[in-house]
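Here is work29.csv, consisting of CSV, C-alpha atoms and all ligand atoms:
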chain,number,residue,atom,x,y,z
A,25,MET,CA,-30.7,156.8,131.5
A,26,GLU,CA,-29.9,153.5,133.3
A,27,PHE,CA,-28.3,151.2,130.8
A,28,PRO,CA,-28.5,147.6,132.0
A,29,PHE,CA,-25.9,146.1,129.6
A,30,GLU,CA,-22.1,146.1,130.1
A,31,LYS,CA,-21.0,145.2,126.6
A,32,ALA,CA,-22.5,146.2,123.3
A,33,LEU,CA,-21.7,145.5,119.7
A,34,VAL,CA,-22.6,148.1,117.0
A,35,THR,CA,-22.5,147.0,113.4
A,36,GLY,CA,-21.9,149.8,110.8
A,37,GLY,CA,-20.2,151.5,113.7
A,38,ALA,CA,-17.9,153.6,111.5
A,39,GLY,CA,-20.8,154.9,109.4
A,40,PHE,CA,-22.8,158.0,109.8
A,41,ILE,CA,-25.5,156.9,112.3
A,42,GLY,CA,-23.5,153.9,113.8
A,43,SER,CA,-20.7,156.2,114.8
A,44,HIS,CA,-23.1,158.4,116.8
A,45,VAL,CA,-24.5,155.3,118.5
A,46,VAL,CA,-21.0,154.1,119.3
A,47,GLU,CA,-20.0,157.5,120.7
A,48,GLU,CA,-23.0,157.6,123.0
A,49,LEU,CA,-22.4,154.1,124.4
A,50,VAL,CA,-18.7,154.7,124.8
A,51,LYS,CA,-19.3,158.0,126.7
A,52,MET,CA,-21.8,156.1,128.9
A,53,GLY,CA,-18.9,153.8,129.9
A,54,ILE,CA,-20.3,150.7,128.1
A,55,ASP,CA,-17.7,148.3,126.7
A,56,THR,CA,-18.4,148.9,123.0
A,57,ILE,CA,-17.3,147.1,119.8
A,58,SER,CA,-17.7,148.8,116.5
A,59,VAL,CA,-17.9,146.3,113.6
A,60,ASP,CA,-17.6,147.7,110.1
A,61,ASN,CA,-16.1,146.6,106.8
A,62,TYR,CA,-15.2,150.2,105.9
A,63,PHE,CA,-17.0,150.0,102.6
A,64,ALA,CA,-18.7,153.3,103.4
A,65,GLY,CA,-17.5,153.7,107.0
A,66,LYS,CA,-14.6,155.9,107.9
A,67,HIS,CA,-11.9,155.6,110.6
A,68,GLU,CA,-12.1,159.3,111.1
A,69,ASN,CA,-15.7,159.0,112.3
A,70,LEU,CA,-14.4,157.2,115.4
A,71,GLU,CA,-11.0,158.8,115.7
A,72,HIS,CA,-12.2,161.0,118.7
A,73,LEU,CA,-13.0,157.8,120.7
A,74,LYS,CA,-9.7,156.0,120.3
A,75,ASP,CA,-8.4,157.0,123.8
A,76,TYR,CA,-11.4,155.5,125.6
A,77,PRO,CA,-10.3,152.1,127.0
A,78,ASN,CA,-13.9,150.8,126.6
A,79,PHE,CA,-13.9,151.5,122.9
A,80,HIS,CA,-12.9,148.7,120.4
A,81,GLU,CA,-12.8,149.0,116.7
A,82,VAL,CA,-13.0,145.9,114.5
A,83,GLU,CA,-12.8,145.5,110.8
A,84,CYS,CA,-15.2,142.7,109.9
A,85,ASP,CA,-17.8,142.0,107.2
A,86,ILE,CA,-21.2,140.9,108.6
A,87,THR,CA,-21.5,138.4,105.8
A,88,ASP,CA,-18.5,136.5,107.2
A,89,ARG,CA,-20.2,134.6,110.0
A,90,ASP,CA,-17.0,132.9,111.4
A,91,GLU,CA,-15.1,136.1,111.7
A,92,LEU,CA,-18.2,137.8,113.2
A,93,ALA,CA,-18.5,135.0,115.8
A,94,LYS,CA,-15.1,135.9,117.3
A,95,HIS,CA,-16.5,139.2,118.6
A,96,PHE,CA,-19.6,137.9,120.3
A,97,PRO,CA,-18.4,136.4,123.6
A,98,GLY,CA,-19.7,138.6,126.4
A,99,VAL,CA,-21.9,140.8,124.2
A,100,GLU,CA,-25.2,141.7,125.9
A,101,ALA,CA,-26.7,144.2,123.4
A,102,VAL,CA,-26.4,144.4,119.6
A,103,PHE,CA,-27.3,147.6,117.6
A,104,HIS,CA,-27.4,146.4,114.0
A,105,GLN,CA,-26.9,149.6,111.9
A,106,ALA,CA,-24.8,148.2,109.0
A,107,ALA,CA,-26.5,148.0,105.6
A,108,SER,CA,-25.7,148.0,102.0
A,109,LYS,CA,-26.0,151.4,100.5
A,110,LYS,CA,-29.0,152.1,98.3
A,111,THR,CA,-26.6,152.7,95.5
A,112,ILE,CA,-25.3,149.1,95.7
A,113,CYS,CA,-28.7,147.5,95.4
A,114,LEU,CA,-29.2,148.5,91.8
A,115,ASN,CA,-25.6,147.6,90.8
A,116,ASP,CA,-25.3,144.4,92.7
A,117,PRO,CA,-28.6,143.1,94.1
A,118,PRO,CA,-27.2,139.7,95.3
A,119,ARG,CA,-24.7,141.6,97.4
A,120,ASP,CA,-27.4,143.9,98.7
A,121,LEU,CA,-29.4,140.8,99.7
A,122,ALA,CA,-26.3,139.1,101.3
A,123,ILE,CA,-25.6,142.1,103.5
A,124,ASN,CA,-29.1,143.2,104.5
A,125,ALA,CA,-30.8,139.8,104.8
A,126,GLU,CA,-28.1,137.2,105.3
A,127,GLY,CA,-25.9,139.5,107.4
A,128,ALA,CA,-28.9,140.2,109.7
A,129,PHE,CA,-29.6,136.5,109.9
A,130,HIS,CA,-26.0,135.7,111.0
A,131,LEU,CA,-26.2,138.4,113.7
A,132,LEU,CA,-29.5,137.1,115.0
A,133,GLU,CA,-28.2,133.5,115.1
A,134,LEU,CA,-25.0,134.6,116.9
A,135,SER,CA,-27.0,136.7,119.3
A,136,ARG,CA,-29.3,133.7,120.1
A,137,ASP,CA,-26.3,131.4,120.6
A,138,HIS,CA,-24.4,133.8,122.8
A,139,GLY,CA,-27.3,134.7,125.0
A,140,VAL,CA,-27.5,138.4,123.8
A,141,LYS,CA,-30.1,140.2,125.9
A,142,LYS,CA,-31.2,142.9,123.4
A,143,PHE,CA,-31.1,143.2,119.7
A,144,VAL,CA,-32.0,146.5,118.1
A,145,HIS,CA,-32.5,146.1,114.4
A,146,ILE,CA,-32.4,149.0,112.0
A,147,SER,CA,-34.8,149.1,109.1
A,148,THR,CA,-36.0,151.8,106.8
A,149,GLY,CA,-39.1,153.6,105.6
A,150,SER,CA,-38.4,152.1,102.2
A,151,VAL,CA,-40.1,148.9,103.4
A,152,TYR,CA,-43.5,150.7,102.9
A,153,GLY,CA,-43.1,151.5,99.2
A,154,GLU,CA,-45.6,154.1,97.8
A,155,ALA,CA,-47.8,155.5,100.5
A,156,GLN,CA,-51.4,154.2,100.4
A,157,TYR,CA,-52.5,156.6,103.1
A,158,TYR,CA,-51.2,159.4,105.3
A,159,PRO,CA,-49.8,159.7,107.8
A,160,GLN,CA,-48.1,156.3,107.5
A,161,ASP,CA,-48.2,154.3,110.7
A,162,GLU,CA,-46.6,150.9,111.4
A,163,LYS,CA,-49.7,149.1,110.2
A,164,HIS,CA,-49.3,150.5,106.7
A,165,PRO,CA,-48.9,147.7,104.0
A,166,LEU,CA,-45.4,146.7,103.2
A,167,VAL,CA,-44.9,146.9,99.4
A,168,PRO,CA,-41.3,147.9,98.9
A,169,THR,CA,-40.5,149.2,95.4
A,170,SER,CA,-36.7,148.7,95.5
A,171,TYR,CA,-34.3,145.8,96.0
A,172,TYR,CA,-33.0,147.7,99.1
A,173,GLY,CA,-36.5,147.9,100.5
A,174,VAL,CA,-37.0,144.1,100.0
A,175,SER,CA,-33.7,143.1,101.5
A,176,LYS,CA,-34.2,145.4,104.5
A,177,LEU,CA,-37.7,144.0,104.9
A,178,ALA,CA,-36.2,140.5,105.0
A,179,GLY,CA,-33.8,141.6,107.7
A,180,GLU,CA,-36.6,143.0,109.9
A,181,ARG,CA,-38.7,139.9,109.3
A,182,TYR,CA,-35.8,137.7,110.5
A,183,ALA,CA,-35.6,139.8,113.6
A,184,LYS,CA,-39.3,139.3,114.3
A,185,CYS,CA,-38.9,135.6,113.6
A,186,PHE,CA,-36.1,135.2,116.1
A,187,ASN,CA,-38.3,137.0,118.6
A,188,LEU,CA,-41.1,134.6,118.0
A,189,LEU,CA,-39.1,131.4,117.7
A,190,TYR,CA,-36.5,131.9,120.4
A,191,ASP,CA,-37.9,134.7,122.5
A,192,LEU,CA,-34.9,136.9,121.5
A,193,ASP,CA,-35.6,140.4,122.7
A,194,THR,CA,-35.6,142.3,119.4
A,195,THR,CA,-36.9,145.7,118.5
A,196,VAL,CA,-37.0,147.2,114.9
A,197,LEU,CA,-36.5,150.9,114.3
A,198,ARG,CA,-37.5,152.2,110.8
A,199,TYR,CA,-35.4,155.3,110.1
A,200,PHE,CA,-36.4,158.2,107.7
A,201,HIS,CA,-34.1,160.9,106.3
A,202,VAL,CA,-31.7,161.1,109.2
A,203,TYR,CA,-29.3,164.1,109.0
A,204,GLY,CA,-26.5,165.5,111.1
A,205,PRO,CA,-22.7,165.6,111.4
A,206,ARG,CA,-20.6,162.9,109.6
A,207,GLN,CA,-23.3,162.1,107.0
A,208,GLU,CA,-21.7,161.2,103.6
A,209,SER,CA,-21.7,164.4,101.5
A,210,SER,CA,-20.6,162.9,98.1
A,211,ASP,CA,-23.3,162.6,95.5
A,212,VAL,CA,-24.4,159.3,97.1
A,213,GLY,CA,-24.8,160.9,100.5
A,214,GLY,CA,-27.8,162.6,102.2
A,215,VAL,CA,-29.4,165.7,100.7
A,216,VAL,CA,-28.7,167.9,103.7
A,217,SER,CA,-25.0,167.1,103.7
A,218,ILE,CA,-24.8,167.4,99.9
A,219,PHE,CA,-26.5,170.8,99.8
A,220,THR,CA,-24.3,172.0,102.7
A,221,ARG,CA,-21.0,170.9,101.1
A,222,ARG,CA,-21.9,172.3,97.7
A,223,LEU,CA,-22.8,175.7,99.2
A,224,ILE,CA,-19.7,175.8,101.3
A,225,GLU,CA,-17.7,175.0,98.1
A,226,GLY,CA,-19.5,177.8,96.2
A,227,LYS,CA,-21.1,175.3,93.8
A,228,PRO,CA,-24.7,175.3,92.5
A,229,LEU,CA,-27.3,172.9,93.9
A,230,THR,CA,-29.2,170.3,91.9
A,231,ILE,CA,-32.8,169.6,92.6
A,232,PHE,CA,-34.5,166.6,90.9
A,233,GLY,CA,-38.0,167.7,90.0
A,234,ASP,CA,-39.5,171.0,91.1
A,235,GLY,CA,-38.5,170.8,94.8
A,236,THR,CA,-42.0,170.3,96.1
A,237,GLN,CA,-41.1,166.7,97.3
A,238,GLN,CA,-41.4,166.5,101.1
A,239,ARG,CA,-39.0,164.7,103.5
A,240,SER,CA,-39.3,163.9,107.2
A,241,PHE,CA,-35.9,165.0,108.3
A,242,THR,CA,-34.8,163.4,111.6
A,243,TRP,CA,-31.9,164.7,113.8
A,244,VAL,CA,-29.3,162.0,114.3
A,245,LYS,CA,-29.0,162.4,118.1
A,246,ASP,CA,-32.7,161.6,118.3
A,247,VAL,CA,-32.1,158.4,116.4
A,248,VAL,CA,-29.4,157.5,119.0
A,249,LYS,CA,-31.9,158.2,121.8
A,250,ALA,CA,-34.4,155.9,120.0
A,251,ASN,CA,-31.8,153.1,120.0
A,252,LEU,CA,-31.1,153.5,123.7
A,253,LEU,CA,-34.8,153.7,124.6
A,254,ALA,CA,-35.5,150.6,122.4
A,255,ALA,CA,-32.8,148.8,124.3
A,256,THR,CA,-34.0,149.7,127.8
A,257,THR,CA,-37.8,149.8,127.5
A,258,PRO,CA,-39.3,146.4,128.3
A,259,ALA,CA,-42.4,147.1,126.3
A,260,ALA,CA,-40.3,147.5,123.1
A,261,LYS,CA,-39.7,143.7,123.0
A,262,GLY,CA,-40.8,142.3,119.6
A,263,GLU,CA,-42.1,145.7,118.5
A,264,ILE,CA,-41.5,147.8,115.3
A,265,TYR,CA,-41.4,151.6,115.4
A,266,ASN,CA,-41.3,154.4,112.9
A,267,CYS,CA,-38.4,156.5,113.9
A,268,ALA,CA,-39.1,159.8,112.2
A,269,SER,CA,-39.4,163.4,113.5
A,270,GLY,CA,-42.8,163.9,112.0
A,271,ILE,CA,-41.8,167.2,110.5
A,272,THR,CA,-42.1,167.6,106.8
A,273,VAL,CA,-39.9,170.0,104.8
A,274,THR,CA,-39.7,170.4,101.0
A,275,ILE,CA,-36.4,170.0,99.2
A,276,GLN,CA,-36.8,173.6,97.9
A,277,LYS,CA,-37.3,174.9,101.5
A,278,LEU,CA,-34.3,172.9,102.6
A,279,ALA,CA,-32.1,174.5,99.9
A,280,GLU,CA,-33.2,177.9,101.0
A,281,MET,CA,-32.7,177.2,104.7
A,282,VAL,CA,-29.2,175.9,104.2
A,283,ALA,CA,-28.3,178.8,102.0
A,284,ASP,CA,-29.7,181.2,104.6
A,285,ILE,CA,-27.7,179.7,107.4
A,286,LEU,CA,-24.5,179.8,105.4
A,287,GLY,CA,-25.3,183.4,104.3
A,288,VAL,CA,-25.4,182.5,100.6
A,289,ARG,CA,-27.8,184.9,98.8
A,290,ASP,CA,-29.7,183.6,95.8
A,291,PRO,CA,-28.1,180.2,95.6
A,292,GLN,CA,-27.9,178.9,92.0
A,293,ILE,CA,-30.3,175.9,91.8
A,294,ASN,CA,-30.4,173.7,88.7
A,295,TYR,CA,-33.7,171.8,88.3
A,296,GLU,CA,-33.4,168.4,86.6
A,297,ASP,CA,-35.8,165.6,85.7
A,298,TRP,CA,-37.5,163.8,88.5
A,299,GLN,CA,-35.5,160.7,89.6
A,300,VAL,CA,-37.2,157.4,88.7
A,301,GLY,CA,-39.1,156.0,91.7
A,302,ASP,CA,-38.7,159.2,93.8
A,303,ILE,CA,-41.4,159.3,96.4
A,304,LYS,CA,-43.0,162.7,96.5
A,305,VAL,CA,-44.5,162.9,100.0
A,306,PHE,CA,-43.3,161.4,103.3
A,307,ASN,CA,-45.8,162.0,106.1
A,308,ILE,CA,-45.0,159.6,108.9
A,309,ASP,CA,-47.0,158.8,112.0
A,310,ASN,CA,-44.5,158.7,114.9
A,311,SER,CA,-47.1,158.5,117.8
A,312,LYS,CA,-46.1,154.9,118.6
A,313,ILE,CA,-42.5,155.6,119.4
A,314,ARG,CA,-43.3,158.8,121.2
A,315,GLY,CA,-46.0,157.1,123.3
A,316,GLU,CA,-44.4,153.8,124.1
A,317,LEU,CA,-40.7,154.8,124.3
A,318,GLY,CA,-41.3,158.4,125.4
A,319,LEU,CA,-39.1,159.7,122.6
A,320,ASP,CA,-39.1,163.5,122.0
A,321,PHE,CA,-37.9,164.5,118.6
A,322,LEU,CA,-36.1,167.8,117.8
A,323,THR,CA,-38.8,169.5,115.8
A,324,ASP,CA,-36.9,172.8,115.5
A,325,PHE,CA,-35.5,171.8,112.1
A,326,ARG,CA,-33.6,175.1,111.7
A,327,LYS,CA,-31.7,174.4,114.9
A,328,GLY,CA,-30.7,170.9,113.7
A,329,LEU,CA,-29.6,172.3,110.4
A,330,GLU,CA,-27.5,175.0,112.2
A,331,MET,CA,-25.7,172.3,114.2
A,332,THR,CA,-25.1,170.3,111.0
A,333,VAL,CA,-23.8,173.3,109.1
A,334,GLU,CA,-21.5,174.4,111.9
A,335,TRP,CA,-20.0,170.9,112.0
A,336,ALA,CA,-19.6,170.8,108.2
A,337,ARG,CA,-17.9,174.3,108.1
A,338,ASP,CA,-15.4,173.1,110.6
A,339,TYR,CA,-14.9,169.7,108.9
A,340,PHE,CA,-14.3,171.2,105.4
A,341,THR,CA,-12.1,173.9,106.8
A,342,LYS,CA,-9.9,171.3,108.4
A,343,LYS,CA,-9.9,169.2,105.2
A,344,ARG,CA,-8.6,172.2,103.2
A,345,ALA,CA,-5.9,173.1,105.8
B,401,LIG,N1,-29.4,157.7,106.8
B,401,LIG,C1,-30.7,157.6,106.6
B,401,LIG,O1,-31.5,158.6,106.4
B,401,LIG,C2,-31.4,156.2,106.8
B,401,LIG,C3,-32.7,156.1,106.5
B,401,LIG,C4,-33.3,154.8,106.6
B,401,LIG,C5,-32.6,153.8,107.1
B,401,LIG,N2,-31.3,153.9,107.4
B,401,LIG,C6,-30.5,152.8,107.9
B,401,LIG,O2,-29.7,153.2,108.9
B,401,LIG,C7,-28.5,152.4,109.0
B,401,LIG,C8,-27.3,153.3,109.0
B,401,LIG,O3,-27.2,154.0,107.8
B,401,LIG,P1,-26.2,155.3,107.6
B,401,LIG,O4,-27.0,156.4,107.0
B,401,LIG,O5,-25.4,155.5,108.8
B,401,LIG,O6,-25.3,154.7,106.4
B,401,LIG,P2,-23.7,154.5,106.3
B,401,LIG,O7,-23.4,154.0,105.0
B,401,LIG,O8,-23.0,155.7,106.8
B,401,LIG,O9,-23.5,153.4,107.4
B,401,LIG,C9,-23.6,152.0,107.1
B,401,LIG,C10,-22.3,151.3,107.6
B,401,LIG,O10,-22.4,149.9,107.4
B,401,LIG,C11,-21.1,149.5,107.0
B,401,LIG,N3,-21.3,148.2,106.2
B,401,LIG,C12,-21.9,148.1,105.0
B,401,LIG,N4,-21.8,146.8,104.6
B,401,LIG,C13,-21.2,146.1,105.6
B,401,LIG,C14,-20.9,144.8,105.8
B,401,LIG,N5,-21.1,143.9,104.9
B,401,LIG,N6,-20.2,144.5,107.0
B,401,LIG,C15,-19.9,145.4,107.9
B,401,LIG,N7,-20.2,146.7,107.8
B,401,LIG,C16,-20.9,147.1,106.6
B,401,LIG,C17,-20.6,150.6,106.1
B,401,LIG,O11,-19.2,150.6,105.9
B,401,LIG,C18,-21.1,151.8,106.9
B,401,LIG,O12,-20.1,152.2,107.8
B,401,LIG,C19,-28.6,151.4,107.8
B,401,LIG,O13,-29.1,150.2,108.3
B,401,LIG,C20,-29.6,152.1,106.9
B,401,LIG,O14,-30.3,151.1,106.1
B,401,LIG,C21,-30.6,155.1,107.2
Rendering of file as structure tokens:
Amino acid sequence: MEFPFEKALVTGGAGFIGSHVVEELVKMGIDTISVDNYFAGKHENLEHLKDYPNFHEVECDITDRDELAKHFPGVEAVFHQAASKKTICLNDPPRDLAINAEGAFHLLELSRDHGVKKFVHISTGSVYGEAQYYPQDEKHPLVPTSYYGVSKLAGERYAKCFNLLYDLDTTVLRYFHVYGPRQESSDVGGVVSIFTRRLIEGKPLTIFGDGTQQRSFTWVKDVVKANLLAATTPAAKGEIYNCASGITVTIQKLAEMVADILGVRDPQINYEDWQVGDIKVFNIDNSKIRGELGLDFLTDFRKGLEMTVEWARDYFTKKRA
């Protein structure tokens, strides 16, 4: 893929998805700055890149506009992946708003002022709230039912506003249930990595509800491709895309598949009460991103799981050593 920008800035670069975006850009030879406050990000996620001369790691909070401004000279493309965790939003809604809305605003203003040529803004399926019809396309009403959904919606609306007011070339990608290596596996992490870690450690799994809830799991490297295609496809200017594989898998099936890949027979599963606000069905229309950006998703979910489990086995073995 021809990448027309020489210098990129990735916020949340030390996090799960951001580190994969940084890795791809660095390996393509792009001068790449990772900006992260290490609240959830980890230095180890970028450790393997430290010998590349075109890789730069910066500790900076996106709510600190003056500090952020120091890293903008020469930047041509911004990939804004940083966000407050969903877990923060309930404990500290003002901080959630400051990161997801005000942080995005600072980045957009700085991008405008420094002549950034492309701004890829990351949003979430949480902006839709409860599904009013299936499959959900980008025209689905936006009625977020969480503070996180509201603050992320504010961020994407700012992105669109800068596109309309200043002709900034922005594209919004709404992610859904991304999985893969380096995803947080503590209890606030993603369900794939939590199940994988617990089974590797010989622990029982917990399913909230009866396990029939469906998720649209999306392979992290496809999400990276979506970022690059959004940055390099002229038709993506000002657009919003669902970035979801389109496959749907139940949580029960996921538990069985991870156990099978790890060779765990009859895994112990504890079923607990449904979590408040848990959305039962995700059925996402991804035809816009496939059609306009030409993105092919990995739909062989077992293959993606195998790659994730292989990484986790290696990671936890090294941790124990
Ligand atoms: N993982 C998913 O399934 C999923 C689904 C929907 C949307 N998203 C979105 O994808 C993006 C990446 O999520 P992720 O899963 O990699 O999460 P993550 O927590 O691993 O990464 C987010 C990163 O942002 C950093 N960060 C948080 N606040 C910051 C601040 N104030 N200043 C600088 N850095 C800050 C964190 O330290 C972390 O490294 C987020 O925008 C998230 O809303 C993810």
Listing only residues of chain A within 7 Å of ligand LIG 401 (chain B), what is the closest atom pair and its distance in Å (to one decimal) for each, using only C-alpha atoms and all ligand atoms, sorted by chain and residue number ascending, as a tab-separated table?
residue	atom	partner	partner_atom	distance
A:Thr35	CA	B:LIG401	N7	6.1
A:Gly36	CA	B:LIG401	O10	3.4
A:Gly37	CA	B:LIG401	O12	5.9
A:Ala38	CA	B:LIG401	O12	4.5
A:Gly39	CA	B:LIG401	O12	3.2
A:Phe40	CA	B:LIG401	O5	3.7
A:Ile41	CA	B:LIG401	O5	3.8
A:Gly42	CA	B:LIG401	O5	5.6
A:Val59	CA	B:LIG401	C15	6.1
A:Asp60	CA	B:LIG401	N7	3.6
A:Asn61	CA	B:LIG401	C15	4.1
A:Tyr62	CA	B:LIG401	O11	4.0
A:Phe63	CA	B:LIG401	O11	4.0
A:Ala64	CA	B:LIG401	O11	3.7
A:Gly65	CA	B:LIG401	O12	3.1
A:Lys66	CA	B:LIG401	O12	6.6
A:Cys84	CA	B:LIG401	C15	5.8
A:Asp85	CA	B:LIG401	N6	3.5
A:Ile86	CA	B:LIG401	N6	4.1
A:Thr87	CA	B:LIG401	N5	5.6
A:Gln105	CA	B:LIG401	O13	4.3
A:Ala106	CA	B:LIG401	O10	3.3
A:Ala107	CA	B:LIG401	O13	4.3
A:Ser108	CA	B:LIG401	N4	4.8
A:Lys109	CA	B:LIG401	O7	5.8
A:Ile123	CA	B:LIG401	N5	5.0
A:Gly127	CA	B:LIG401	N5	7.0
A:Ile146	CA	B:LIG401	O13	5.1
A:Ser147	CA	B:LIG401	C5	5.6
A:Thr148	CA	B:LIG401	C5	4.0
A:Gly149	CA	B:LIG401	C4	6.0
A:Arg198	CA	B:LIG401	C5	6.3
A:Tyr199	CA	B:LIG401	C4	4.1
A:Phe200	CA	B:LIG401	C3	4.4
A:His201	CA	B:LIG401	O1	3.5
A:Val202	CA	B:LIG401	O1	3.8
A:Tyr203	CA	B:LIG401	O1	6.5
A:Gln207	CA	B:LIG401	O8	6.4
A:Glu208	CA	B:LIG401	O8	6.5
A:Gly214	CA	B:LIG401	O1	6.9
Quick one: residues within 10 Å of Ser209 of chain A, only C-alpha atoms counted, chain neighbours fewer than 3 positions away excluded, as a list in words?
-> Arg206, Val212, Gly213, Gly214, Val215, Val216, Ser217, Ile218, Phe219, Thr220, Arg221, Arg222 and Ala336 of chain A
Need the shell around segment 283-290 of chain A: protein/DNA/RNA residues with any atom at most 8 Å away, counting only C-alpha atoms. Skip same-chain ones fewer than 5 positions apart. Format as a PDB file with C-alpha atoms, in the frame of the given file?
ATOM      1  CA  THR A 220     -24.300 172.000 102.700  1.00  0.00           C
ATOM      2  CA  LEU A 223     -22.800 175.700  99.200  1.00  0.00           C
ATOM      3  CA  ILE A 224     -19.700 175.800 101.300  1.00  0.00           C
ATOM      4  CA  GLU A 330     -27.500 175.000 112.200  1.00  0.00           C
ATOM      5  CA  VAL A 333     -23.800 173.300 109.100  1.00  0.00           C
TER       6      VAL A 333
END
Up to 9 Å from (-41.3, 161.6, 111.9) in the file's coordinates: name the residues, counting all atoms listed in the file, as a ChimeraX atom specification.
-> /A:199-200,240-242,266-272,306-311,321
Do a neighbour search on segment 252-265 of chain A at 9 Å with only C-alpha atoms, toss out local chain neighbours closer than 3 positions, and write the hits as number ranges by chain.
-> A: 25-28, 45, 49, 101, 103, 142-144, 161-162, 180, 183-184, 187-188, 191-199, 247-249, 310, 312-313, 316-319
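Closest approach to Lys141 of chain A among A:Val99, A:Ala125, A:Ile112, A:Val174: A:Val99, based on only C-alpha atoms.
Using only C-alpha atoms, the nearest neighbour of Lys227 of chain A within the list A:Val282, A:Ile293, A:Ala178, A:Cys113 is A:Ile293.
The interatomic distance for the pair atom CA of His145 of chain A and atom CA of Asp75 of chain A works out to 28.1 Å.
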Starting from the block above, write segment 279-293 of chain A out to a file with N, CA and C atoms, as a short mmCIF file (atom, residue, chain, number, x, y, z; two decimals), in the first residue's frame, please.
data_model
loop_
_atom_site.label_atom_id
_atom_site.label_comp_id
_atom_site.auth_asym_id
_atom_site.auth_seq_id
_atom_site.Cartn_x
_atom_site.Cartn_y
_atom_site.Cartn_z
N ALA A 279 -16.34 -19.39 24.62
CA ALA A 279 -15.73 -20.14 25.72
C ALA A 279 -15.35 -21.56 25.25
N GLU A 280 -16.25 -22.17 24.51
CA GLU A 280 -15.99 -23.54 24.04
C GLU A 280 -14.84 -23.57 23.04
N MET A 281 -14.79 -22.56 22.16
CA MET A 281 -13.72 -22.54 21.15
C MET A 281 -12.35 -22.32 21.78
N VAL A 282 -12.26 -21.38 22.72
CA VAL A 282 -10.96 -21.12 23.35
C VAL A 282 -10.51 -22.36 24.11
N ALA A 283 -11.45 -23.00 24.82
CA ALA A 283 -11.11 -24.22 25.57
C ALA A 283 -10.62 -25.31 24.62
N ASP A 284 -11.31 -25.43 23.50
CA ASP A 284 -10.93 -26.46 22.52
C ASP A 284 -9.52 -26.21 21.98
N ILE A 285 -9.24 -24.95 21.63
CA ILE A 285 -7.91 -24.62 21.07
C ILE A 285 -6.83 -24.91 22.12
N LEU A 286 -7.13 -24.65 23.38
CA LEU A 286 -6.14 -24.88 24.44
C LEU A 286 -6.13 -26.34 24.93
N GLY A 287 -7.03 -27.15 24.38
CA GLY A 287 -7.09 -28.56 24.78
C GLY A 287 -7.66 -28.75 26.18
N VAL A 288 -8.50 -27.81 26.64
CA VAL A 288 -9.11 -27.94 27.97
C VAL A 288 -10.47 -28.62 27.78
N ARG A 289 -10.60 -29.81 28.37
CA ARG A 289 -11.87 -30.54 28.22
C ARG A 289 -12.84 -30.11 29.31
N ASP A 290 -14.08 -29.94 28.98
CA ASP A 290 -15.13 -29.56 29.93
C ASP A 290 -14.70 -28.42 30.86
N PRO A 291 -14.43 -27.25 30.31
CA PRO A 291 -14.02 -26.13 31.17
C PRO A 291 -15.12 -25.79 32.18
N GLN A 292 -14.68 -25.41 33.38
CA GLN A 292 -15.69 -25.03 34.38
C GLN A 292 -16.18 -23.62 34.07
N ILE A 293 -17.49 -23.48 33.91
CA ILE A 293 -18.08 -22.16 33.61
C ILE A 293 -19.09 -21.81 34.69
#
